[in-house]
Structures are given as structure tokens and as C-alpha cells.
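Data block for final_21.pdb (PDB, C-alpha atoms, pLDDT in the B column):
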```
ATOM      1  CA  GLN A   1      -7.867   4.724  21.625  1.00 84.00           C
ATOM      2  CA  GLU A   2      -4.589   3.221  20.366  1.00 93.00           C
ATOM      3  CA  VAL A   3      -5.568   3.273  16.688  1.00 92.00           C
ATOM      4  CA  PRO A   4      -4.416   6.860  15.951  1.00 94.00           C
ATOM      5  CA  ALA A   5      -0.980   6.094  17.428  1.00 96.00           C
ATOM      6  CA  TYR A   6      -0.672   2.931  15.321  1.00 96.00           C
ATOM      7  CA  CYS A   7      -1.744   4.832  12.194  1.00 95.00           C
ATOM      8  CA  LEU A   8       0.786   7.593  12.863  1.00 97.00           C
ATOM      9  CA  ALA A   9       3.523   5.025  13.545  1.00 98.00           C
ATOM     10  CA  GLN A  10       2.799   3.259  10.244  1.00 97.00           C
ATOM     11  CA  LEU A  11       2.788   6.561   8.353  1.00 98.00           C
ATOM     12  CA  LEU A  12       6.079   7.653   9.936  1.00 98.00           C
ATOM     13  CA  GLY A  13       7.595   4.231   9.271  1.00 98.00           C
ATOM     14  CA  ALA A  14       6.581   4.341   5.612  1.00 98.00           C
ATOM     15  CA  PHE A  15       7.891   7.912   5.289  1.00 99.00           C
ATOM     16  CA  SER A  16      11.197   6.955   6.948  1.00 98.00           C
ATOM     17  CA  GLY A  17      11.544   3.922   4.695  1.00 98.00           C
ATOM     18  CA  ALA A  18      10.993   6.135   1.660  1.00 98.00           C
ATOM     19  CA  VAL A  19      13.727   8.508   2.829  1.00 98.00           C
ATOM     20  CA  LEU A  20      16.096   5.534   3.097  1.00 98.00           C
ATOM     21  CA  VAL A  21      15.124   4.461  -0.430  1.00 96.00           C
ATOM     22  CA  TRP A  22      15.822   8.010  -1.621  1.00 97.00           C
ATOM     23  CA  LEU A  23      19.301   7.802  -0.112  1.00 97.00           C
ATOM     24  CA  PHE A  24      19.888   4.306  -1.478  1.00 95.00           C
ATOM     25  CA  TYR A  25      18.938   5.360  -5.015  1.00 93.00           C
ATOM     26  CA  PHE A  26      20.759   8.698  -4.834  1.00 93.00           C
ATOM     27  CA  PRO A  27      22.828   8.183  -8.043  1.00 92.00           C
ATOM     28  CA  PHE A  28      19.656   7.097  -9.884  1.00 92.00           C
ATOM     29  CA  TRP A  29      17.895  10.468  -9.496  1.00 92.00           C
ATOM     30  CA  LYS A  30      20.306  12.420 -11.717  1.00 89.00           C
ATOM     31  CA  LYS A  31      20.650   9.700 -14.368  1.00 93.00           C
ATOM     32  CA  THR A  32      16.922   9.153 -14.862  1.00 93.00           C
ATOM     33  CA  ASP A  33      14.870  11.786 -16.648  1.00 93.00           C
ATOM     34  CA  ASN A  34      11.490  10.032 -16.462  1.00 95.00           C
ATOM     35  CA  ALA A  35       9.487  11.636 -13.629  1.00 96.00           C
ATOM     36  CA  GLU A  36       6.914   8.799 -13.635  1.00 95.00           C
ATOM     37  CA  ILE A  37       9.613   6.208 -12.948  1.00 94.00           C
ATOM     38  CA  LYS A  38      10.924   8.343 -10.094  1.00 96.00           C
ATOM     39  CA  LEU A  39       7.432   8.544  -8.589  1.00 96.00           C
ATOM     40  CA  ALA A  40       6.952   4.772  -8.990  1.00 95.00           C
ATOM     41  CA  VAL A  41       9.941   4.181  -6.705  1.00 95.00           C
ATOM     42  CA  PHE A  42       7.905   5.789  -3.918  1.00 97.00           C
ATOM     43  CA  CYS A  43       4.217   5.061  -4.363  1.00 96.00           C
ATOM     44  CA  THR A  44       1.561   3.233  -6.318  1.00 96.00           C
ATOM     45  CA  ALA A  45       0.181   4.256  -9.680  1.00 94.00           C
ATOM     46  CA  PRO A  46      -2.461   2.622 -11.838  1.00 95.00           C
ATOM     47  CA  ALA A  47      -1.552   0.806 -15.030  1.00 92.00           C
ATOM     48  CA  ILE A  48      -4.662   2.402 -16.541  1.00 95.00           C
ATOM     49  CA  ARG A  49      -6.231   5.363 -14.752  1.00 96.00           C
ATOM     50  CA  SER A  50      -9.865   4.495 -14.106  1.00 97.00           C
ATOM     51  CA  PRO A  51     -10.830   5.765 -10.644  1.00 97.00           C
ATOM     52  CA  PRO A  52     -13.880   3.487 -10.163  1.00 98.00           C
ATOM     53  CA  SER A  53     -11.935   0.400 -11.258  1.00 97.00           C
ATOM     54  CA  ASN A  54      -8.817   1.403  -9.326  1.00 98.00           C
ATOM     55  CA  LEU A  55     -10.850   2.054  -6.175  1.00 98.00           C
ATOM     56  CA  PHE A  56     -12.675  -1.281  -6.502  1.00 98.00           C
ATOM     57  CA  ASN A  57      -9.343  -3.079  -6.896  1.00 97.00           C
ATOM     58  CA  GLU A  58      -7.919  -1.501  -3.729  1.00 98.00           C
ATOM     59  CA  ILE A  59     -11.105  -2.281  -1.785  1.00 98.00           C
ATOM     60  CA  LEU A  60     -11.123  -5.908  -2.929  1.00 98.00           C
ATOM     61  CA  ALA A  61      -7.402  -6.514  -2.329  1.00 98.00           C
ATOM     62  CA  THR A  62      -7.552  -5.082   1.190  1.00 98.00           C
ATOM     63  CA  ALA A  63     -10.805  -6.886   2.037  1.00 98.00           C
ATOM     64  CA  VAL A  64      -9.199 -10.191   1.025  1.00 98.00           C
ATOM     65  CA  LEU A  65      -6.112  -9.376   3.102  1.00 98.00           C
ATOM     66  CA  VAL A  66      -8.041  -8.437   6.245  1.00 98.00           C
ATOM     67  CA  LEU A  67     -10.482 -11.343   5.922  1.00 97.00           C
ATOM     68  CA  ALA A  68      -7.601 -13.803   5.549  1.00 95.00           C
ATOM     69  CA  ILE A  69      -5.617 -12.285   8.432  1.00 94.00           C
ATOM     70  CA  LEU A  70      -8.629 -12.519  10.728  1.00 95.00           C
ATOM     71  CA  PHE A  71      -9.296 -16.093   9.622  1.00 93.00           C
ATOM     72  CA  ILE A  72      -5.666 -17.104  10.158  1.00 90.00           C
ATOM     73  CA  GLY A  73      -5.626 -15.433  13.577  1.00 86.00           C
ATOM     74  CA  ALA A  74      -8.819 -17.193  14.650  1.00 87.00           C
ATOM     75  CA  ASN A  75      -7.581 -20.669  13.732  1.00 81.00           C
ATOM     76  CA  ALA A  76      -4.801 -22.543  15.475  1.00 74.00           C
ATOM     77  CA  PHE A  77      -3.985 -24.763  12.474  1.00 74.00           C
ATOM     78  CA  THR A  78      -1.388 -22.300  11.192  1.00 71.00           C
ATOM     79  CA  GLU A  79       0.222 -21.664  14.565  1.00 76.00           C
ATOM     80  CA  GLY A  80       3.943 -21.257  14.052  1.00 84.00           C
ATOM     81  CA  LEU A  81       3.471 -20.813  10.316  1.00 87.00           C
ATOM     82  CA  ASN A  82       1.656 -17.466  10.407  1.00 87.00           C
ATOM     83  CA  PRO A  83       4.565 -15.412   9.023  1.00 88.00           C
ATOM     84  CA  ILE A  84       4.960 -17.776   6.058  1.00 92.00           C
ATOM     85  CA  VAL A  85       1.211 -17.946   5.438  1.00 90.00           C
ATOM     86  CA  LEU A  86       0.889 -14.143   5.606  1.00 92.00           C
ATOM     87  CA  GLY A  87       3.859 -13.681   3.284  1.00 94.00           C
ATOM     88  CA  LEU A  88       2.339 -16.074   0.754  1.00 96.00           C
ATOM     89  CA  LEU A  89      -0.991 -14.274   1.126  1.00 95.00           C
ATOM     90  CA  ILE A  90       0.556 -10.902   0.280  1.00 96.00           C
ATOM     91  CA  ILE A  91       2.436 -12.419  -2.667  1.00 97.00           C
ATOM     92  CA  SER A  92      -0.825 -13.960  -3.899  1.00 97.00           C
ATOM     93  CA  ILE A  93      -2.695 -10.658  -3.591  1.00 96.00           C
ATOM     94  CA  GLY A  94       0.116  -8.872  -5.416  1.00 96.00           C
ATOM     95  CA  LEU A  95       0.199 -11.392  -8.249  1.00 96.00           C
ATOM     96  CA  SER A  96      -3.565 -11.565  -8.679  1.00 96.00           C
ATOM     97  CA  LEU A  97      -4.707  -8.004  -7.936  1.00 93.00           C
ATOM     98  CA  GLY A  98      -1.551  -5.895  -7.944  1.00 93.00           C
ATOM     99  CA  GLY A  99      -1.161  -5.296 -11.655  1.00 92.00           C
ATOM    100  CA  THR A 100      -3.896  -2.717 -12.003  1.00 93.00           C
ATOM    101  CA  THR A 101      -2.959  -0.356  -9.168  1.00 94.00           C
ATOM    102  CA  GLY A 102       0.270  -1.549  -7.576  1.00 92.00           C
ATOM    103  CA  PHE A 103      -1.840  -2.703  -4.569  1.00 94.00           C
ATOM    104  CA  ALA A 104      -1.352  -0.370  -1.630  1.00 96.00           C
ATOM    105  CA  ILE A 105      -3.460  -2.574   0.744  1.00 96.00           C
ATOM    106  CA  ASN A 106      -2.497  -0.110   3.498  1.00 96.00           C
ATOM    107  CA  PRO A 107      -2.974   3.686   3.318  1.00 97.00           C
ATOM    108  CA  ALA A 108       0.434   4.299   4.921  1.00 97.00           C
ATOM    109  CA  ARG A 109       2.186   2.224   2.242  1.00 96.00           C
ATOM    110  CA  ASP A 110       1.265   4.847  -0.356  1.00 98.00           C
ATOM    111  CA  LEU A 111       0.738   8.067   1.603  1.00 98.00           C
ATOM    112  CA  GLY A 112       4.003   8.053   3.599  1.00 98.00           C
ATOM    113  CA  PRO A 113       6.255   7.541   0.566  1.00 98.00           C
ATOM    114  CA  ARG A 114       4.161   9.955  -1.534  1.00 98.00           C
ATOM    115  CA  LEU A 115       4.721  12.628   1.132  1.00 98.00           C
ATOM    116  CA  ALA A 116       8.449  11.847   1.043  1.00 98.00           C
ATOM    117  CA  HIS A 117       8.442  12.223  -2.757  1.00 98.00           C
ATOM    118  CA  PHE A 118       6.683  15.571  -2.371  1.00 98.00           C
ATOM    119  CA  ILE A 119       9.104  16.888   0.276  1.00 98.00           C
ATOM    120  CA  LEU A 120      12.483  15.489  -0.803  1.00 97.00           C
ATOM    121  CA  PRO A 121      14.693  17.451  -3.224  1.00 96.00           C
ATOM    122  CA  ILE A 122      14.690  14.976  -6.118  1.00 95.00           C
ATOM    123  CA  HIS A 123      16.120  16.312  -9.364  1.00 91.00           C
ATOM    124  CA  GLY A 124      13.393  16.402 -12.059  1.00 93.00           C
ATOM    125  CA  LYS A 125      10.862  14.549  -9.933  1.00 94.00           C
ATOM    126  CA  GLY A 126       7.697  16.017 -11.421  1.00 95.00           C
ATOM    127  CA  SER A 127       4.307  15.785  -9.745  1.00 96.00           C
ATOM    128  CA  SER A 128       3.516  13.609  -6.730  1.00 98.00           C
ATOM    129  CA  ASP A 129       0.139  12.853  -8.407  1.00 97.00           C
ATOM    130  CA  TRP A 130      -2.084  14.002  -5.552  1.00 98.00           C
ATOM    131  CA  SER A 131      -5.151  13.672  -7.784  1.00 97.00           C
ATOM    132  CA  TYR A 132      -4.753   9.872  -7.564  1.00 98.00           C
ATOM    133  CA  ALA A 133      -3.539   9.695  -3.939  1.00 97.00           C
ATOM    134  CA  TRP A 134      -7.020   9.361  -2.451  1.00 98.00           C
ATOM    135  CA  ILE A 135      -7.558   5.927  -4.063  1.00 98.00           C
ATOM    136  CA  PRO A 136      -4.760   4.034  -2.250  1.00 98.00           C
ATOM    137  CA  VAL A 137      -5.872   5.707   0.990  1.00 98.00           C
ATOM    138  CA  VAL A 138      -9.672   5.430   0.828  1.00 98.00           C
ATOM    139  CA  GLY A 139      -9.749   2.027  -0.907  1.00 98.00           C
ATOM    140  CA  PRO A 140      -7.813   0.164   1.807  1.00 98.00           C
ATOM    141  CA  LEU A 141      -9.814   1.876   4.561  1.00 97.00           C
ATOM    142  CA  ILE A 142     -13.097   0.706   3.004  1.00 98.00           C
ATOM    143  CA  GLY A 143     -11.632  -2.704   2.163  1.00 98.00           C
ATOM    144  CA  GLY A 144     -10.380  -3.229   5.704  1.00 98.00           C
ATOM    145  CA  LEU A 145     -13.800  -2.480   7.147  1.00 98.00           C
ATOM    146  CA  LEU A 146     -15.455  -4.692   4.537  1.00 99.00           C
ATOM    147  CA  GLY A 147     -13.107  -7.605   5.246  1.00 98.00           C
ATOM    148  CA  ALA A 148     -13.731  -7.345   9.002  1.00 98.00           C
ATOM    149  CA  TRP A 149     -17.491  -7.117   8.438  1.00 98.00           C
ATOM    150  CA  VAL A 150     -17.506 -10.212   6.198  1.00 98.00           C
ATOM    151  CA  PHE A 151     -15.454 -12.090   8.814  1.00 98.00           C
ATOM    152  CA  GLN A 152     -17.980 -11.212  11.525  1.00 97.00           C
ATOM    153  CA  ILE A 153     -20.840 -12.434   9.334  1.00 98.00           C
ATOM    154  CA  LEU A 154     -19.154 -15.690   8.314  1.00 95.00           C
ATOM    155  CA  PHE A 155     -17.418 -16.603  11.551  1.00 90.00           C
TER     156      PHE A 155
END
```
As a first step, turn the structure in this file into C-alpha cells.
Amino acid sequence: QEVPAYCLAQLLGAFSGAVLVWLFYFPFWKKTDNAEIKLAVFCTAPAIRSPPSNLFNEILATAVLVLAILFIGANAFTEGLNPIVLGLLIISIGLSLGGTTGFAINPARDLGPRLAHFILPIHGKGSSDWSYAWIPVVGPLIGGLLGAWVFQILF
């Protein structure tokens, strides 16, 4: 019952953050001609476009994240250290799995800023690459369910 509100809040938060980034980088938009670099400020993009591989990467990265979060939450040994452990977890996922897709690991992390890129008046911004946008949305949704399912089986 509360899930839609949380999803909307995350999407609005990501969109609002992207608007702040747009304001912060305001001088950058006129001095940079490369539309791909402008898009990369807002959302993820694959190093090599291969939808099956990109989707698998997003599923795996998010499954690892959710599985680890559930494991950490179920065990008292990290009590008091959870923020540090979660930060190191996200850094580890980024370093190990982030190179291929930019690791969204949350649909709002890509969709909110991509919507901002689409709506904001950015000089020479080019396409918002909606043909790729489904991967950083669908992949984390599947990965989150997979991570929770694996946790239920193992623990």
C-alpha cells in the first residue's frame, strides 16, 4: 500500500536532484557541444550497447545490492556500522559491475534524471535515449525481486 508513494517520492527526488545538477552545471551547457556528455550528466548509458548484456548487468547488480541489504538488516553484527557497510557495498558494486552500464541499481536513479534531461531547456542536448531507458528501469525491478527471492531461499 505504501510502495507507490515511496516509488513516486524516489522518482521526484531523483528528478529534483537532476534539476539542481542542471543549475549547478549551467555554464557547462553552452561550452560543451557533445550531446552524449550532456546526457551522461543525468542518466546511465552503456559503454557498449548490447541490450541482453546490459539488462543482465543491471539485474545482477541490483540482486547483489538487495540480497546484501537484506542480509545486513537481518544480522546484528553490523549494528551501528550499517551506513558504512552499505556505502562500501555500493562502491563495490560500482567498481565491479558499473563499467558496462553505469549501474542504475534503482529505476528512479535513471528515470527521474532522464525525464529532467528531456524536459529542461539544455542548449544542444540531443536525444534523451528513450530506446535504452527501459533497461535501467526493468533490470533493477527484476534484480530487486531476484535478490529478495534468493534471500528468502537462503535465510
* To do: Show which residues sit within 7 Å of A:Gly102, as a VMD selection string. Count all atoms listed in the file, and ignore same-chain residues fewer than 5 positions away.
  => chain A and resid 44 to 46
* Considering only C-alpha atoms, return as a VMD selection string whatever protein or nucleic-acid residues lie within 12 Å of A:Pro83, sequence-local ones (same chain, fewer than 4 positions apart) excluded. => chain A and resid 69 72 to 73 78 to 79 87 to 90
Tell me which residues come within 9 Å of (-1.1, -7.7, -3.5), as a PDB file with C-alpha atoms, in the coordinates of the input, counting only C-alpha atoms in the file's coordinates.
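result06.pdb, written as the output of this step:
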```pdb
ATOM      1  CA  ALA A  61      -7.402  -6.514  -2.329  1.00 98.00           C
ATOM      2  CA  THR A  62      -7.552  -5.082   1.190  1.00 98.00           C
ATOM      3  CA  LEU A  65      -6.112  -9.376   3.102  1.00 98.00           C
ATOM      4  CA  LEU A  89      -0.991 -14.274   1.126  1.00 95.00           C
ATOM      5  CA  ILE A  90       0.556 -10.902   0.280  1.00 96.00           C
ATOM      6  CA  ILE A  91       2.436 -12.419  -2.667  1.00 97.00           C
ATOM      7  CA  SER A  92      -0.825 -13.960  -3.899  1.00 97.00           C
ATOM      8  CA  ILE A  93      -2.695 -10.658  -3.591  1.00 96.00           C
ATOM      9  CA  GLY A  94       0.116  -8.872  -5.416  1.00 96.00           C
ATOM     10  CA  LEU A  95       0.199 -11.392  -8.249  1.00 96.00           C
ATOM     11  CA  SER A  96      -3.565 -11.565  -8.679  1.00 96.00           C
ATOM     12  CA  LEU A  97      -4.707  -8.004  -7.936  1.00 93.00           C
ATOM     13  CA  GLY A  98      -1.551  -5.895  -7.944  1.00 93.00           C
ATOM     14  CA  GLY A  99      -1.161  -5.296 -11.655  1.00 92.00           C
ATOM     15  CA  GLY A 102       0.270  -1.549  -7.576  1.00 92.00           C
ATOM     16  CA  PHE A 103      -1.840  -2.703  -4.569  1.00 94.00           C
ATOM     17  CA  ALA A 104      -1.352  -0.370  -1.630  1.00 96.00           C
ATOM     18  CA  ILE A 105      -3.460  -2.574   0.744  1.00 96.00           C
TER      19      ILE A 105
END
```
* Asked: If you apply the PyMOL selection byres ((chain A and resi 34-42) around 7) to this file, what residues do you get, as a ChimeraX atom specification?
  -> /A:18,32-33,43-45,113-114,117,124-126,128
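Excluding stretch 138-145 of chain A itself and same-chain residues fewer than 6 positions from it, the residues having an atom within 9 Å of it are Asn54, Leu55, Phe56, Asn57, Glu58, Ile59, Leu60, Ala61, Thr62, Ala63, Val64, Leu65, Val66, Leu67, Ala104, Ile105, Asn106 and Pro107 of chain A, counting all atoms listed in the file.
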Starting from 5 Å padding per side, set up an axis-aligned box that covers all listed atoms of stretch 48-57 of chain A and hand over centre and edge lengths in Å, one decimal, as lines of an AutoDock Vina configuration file.
```
center_x = -9.3
center_y = 1.3
center_z = -11.4
size_x = 19.2
size_y = 18.8
size_z = 20.4
```
* To do: Check the smallest atom-to-atom distance from each of A:Tyr25, A:Trp130, A:Tyr6, A:Trp149 to A:Leu115 using only C-alpha atoms, then report the winner.
  => A:Trp130
* What is the atom CA of A:Ile135 to atom CA of A:Thr100 distance in Å? -> 12.3 Å
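Nearest-residue note for A:Val137: choosing from A:Ala5, A:Leu11, A:Ile153, A:Ala68, the minimum distance belongs to A:Leu11, counting all atoms listed in the file.
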* **Straight-line distance linking atom CA of A:Phe71 with atom CA of A:Leu8, stated in Å to one decimal** => 25.9 Å
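Picture a line from atom CA of A:Ser16 to atom CA of A:Arg49; it runs 27.9 Å.
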* Closest of A:Ile122, A:Leu111, A:Ala74, A:Leu23 to A:Trp134 - atom-to-atom distances counting all atoms listed in the file ->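 Among the listed residues, A:Leu111 lies closest to A:Trp134.
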* Asked: Nearest to A:Asp129 among A:Lys30, A:Asp110, A:Gly80, A:Phe15, with distances taken over all atoms listed in the file: which residue is it?
  ->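 Closest residue, counting all atoms listed in the file: A:Asp110.
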* **Residue with smallest distance to A:Leu120 - pool A:Leu12, A:Ile84, A:Ala148, A:Leu20, counting all atoms listed in the file** => A:Leu20
Give me stretch 27-85 of chain A from this structure - C-alpha atoms, as a PDB file, in the first residue's frame.
```
ATOM      1  CA  PRO A  27      27.854  27.373 -17.587  1.00  0.00           C
ATOM      2  CA  PHE A  28      28.828  23.887 -18.823  1.00  0.00           C
ATOM      3  CA  TRP A  29      25.805  23.512 -21.131  1.00  0.00           C
ATOM      4  CA  LYS A  30      26.820  26.283 -23.550  1.00  0.00           C
ATOM      5  CA  LYS A  31      30.530  25.399 -23.586  1.00  0.00           C
ATOM      6  CA  THR A  32      30.050  21.702 -24.320  1.00  0.00           C
ATOM      7  CA  ASP A  33      28.913  20.614 -27.763  1.00  0.00           C
ATOM      8  CA  ASN A  34      28.864  16.854 -27.136  1.00  0.00           C
ATOM      9  CA  ALA A  35      25.234  15.806 -26.556  1.00  0.00           C
ATOM     10  CA  GLU A  36      26.279  12.384 -25.188  1.00  0.00           C
ATOM     11  CA  ILE A  37      28.349  14.000 -22.436  1.00  0.00           C
ATOM     12  CA  LYS A  38      25.404  16.222 -21.536  1.00  0.00           C
ATOM     13  CA  LEU A  39      23.135  13.175 -21.278  1.00  0.00           C
ATOM     14  CA  ALA A  40      25.723  11.324 -19.158  1.00  0.00           C
ATOM     15  CA  VAL A  41      25.478  14.064 -16.525  1.00  0.00           C
ATOM     16  CA  PHE A  42      21.867  12.983 -15.988  1.00  0.00           C
ATOM     17  CA  CYS A  43      21.485   9.261 -16.558  1.00  0.00           C
ATOM     18  CA  THR A  44      23.186   5.975 -17.281  1.00  0.00           C
ATOM     19  CA  ALA A  45      24.398   4.799 -20.658  1.00  0.00           C
ATOM     20  CA  PRO A  46      26.117   1.580 -21.653  1.00  0.00           C
ATOM     21  CA  ALA A  47      29.787   1.507 -22.568  1.00  0.00           C
ATOM     22  CA  ILE A  48      28.804  -0.919 -25.334  1.00  0.00           C
ATOM     23  CA  ARG A  49      25.144  -1.153 -26.322  1.00  0.00           C
ATOM     24  CA  SER A  50      24.119  -4.790 -26.003  1.00  0.00           C
ATOM     25  CA  PRO A  51      20.601  -4.946 -24.542  1.00  0.00           C
ATOM     26  CA  PRO A  52      20.796  -8.567 -23.289  1.00  0.00           C
ATOM     27  CA  SER A  53      24.179  -7.974 -21.642  1.00  0.00           C
ATOM     28  CA  ASN A  54      23.178  -4.562 -20.295  1.00  0.00           C
ATOM     29  CA  LEU A  55      19.941  -5.959 -18.860  1.00  0.00           C
ATOM     30  CA  PHE A  56      21.769  -8.894 -17.244  1.00  0.00           C
ATOM     31  CA  ASN A  57      24.266  -6.489 -15.672  1.00  0.00           C
ATOM     32  CA  GLU A  58      21.505  -4.339 -14.154  1.00  0.00           C
ATOM     33  CA  ILE A  59      19.670  -7.424 -12.868  1.00  0.00           C
ATOM     34  CA  LEU A  60      22.820  -8.854 -11.287  1.00  0.00           C
ATOM     35  CA  ALA A  61      23.977  -5.574  -9.714  1.00  0.00           C
ATOM     36  CA  THR A  62      20.572  -4.911  -8.158  1.00  0.00           C
ATOM     37  CA  ALA A  63      20.141  -8.518  -6.995  1.00  0.00           C
ATOM     38  CA  VAL A  64      23.503  -8.313  -5.211  1.00  0.00           C
ATOM     39  CA  LEU A  65      22.514  -4.985  -3.641  1.00  0.00           C
ATOM     40  CA  VAL A  66      19.129  -6.182  -2.383  1.00  0.00           C
ATOM     41  CA  LEU A  67      20.479  -9.532  -1.171  1.00  0.00           C
ATOM     42  CA  ALA A  68      23.251  -7.785   0.766  1.00  0.00           C
ATOM     43  CA  ILE A  69      20.901  -5.160   2.231  1.00  0.00           C
ATOM     44  CA  LEU A  70      18.523  -7.858   3.443  1.00  0.00           C
ATOM     45  CA  PHE A  71      21.407  -9.866   4.886  1.00  0.00           C
ATOM     46  CA  ILE A  72      22.844  -6.824   6.665  1.00  0.00           C
ATOM     47  CA  GLY A  73      19.412  -5.904   8.027  1.00  0.00           C
ATOM     48  CA  ALA A  74      18.814  -9.422   9.336  1.00  0.00           C
ATOM     49  CA  ASN A  75      22.107  -9.614  11.228  1.00  0.00           C
ATOM     50  CA  ALA A  76      23.009  -7.577  14.280  1.00  0.00           C
ATOM     51  CA  PHE A  77      26.782  -7.868  13.753  1.00  0.00           C
ATOM     52  CA  THR A  78      26.876  -4.664  11.709  1.00  0.00           C
ATOM     53  CA  GLU A  79      24.646  -2.669  14.039  1.00  0.00           C
ATOM     54  CA  GLY A  80      25.908   0.891  14.138  1.00  0.00           C
ATOM     55  CA  LEU A  81      28.041   0.317  11.056  1.00  0.00           C
ATOM     56  CA  ASN A  82      25.220  -0.141   8.539  1.00  0.00           C
ATOM     57  CA  PRO A  83      25.749   3.195   6.755  1.00  0.00           C
ATOM     58  CA  ILE A  84      29.458   2.464   6.266  1.00  0.00           C
ATOM     59  CA  VAL A  85      28.813  -1.126   5.187  1.00  0.00           C
TER      60      VAL A  85
END
```
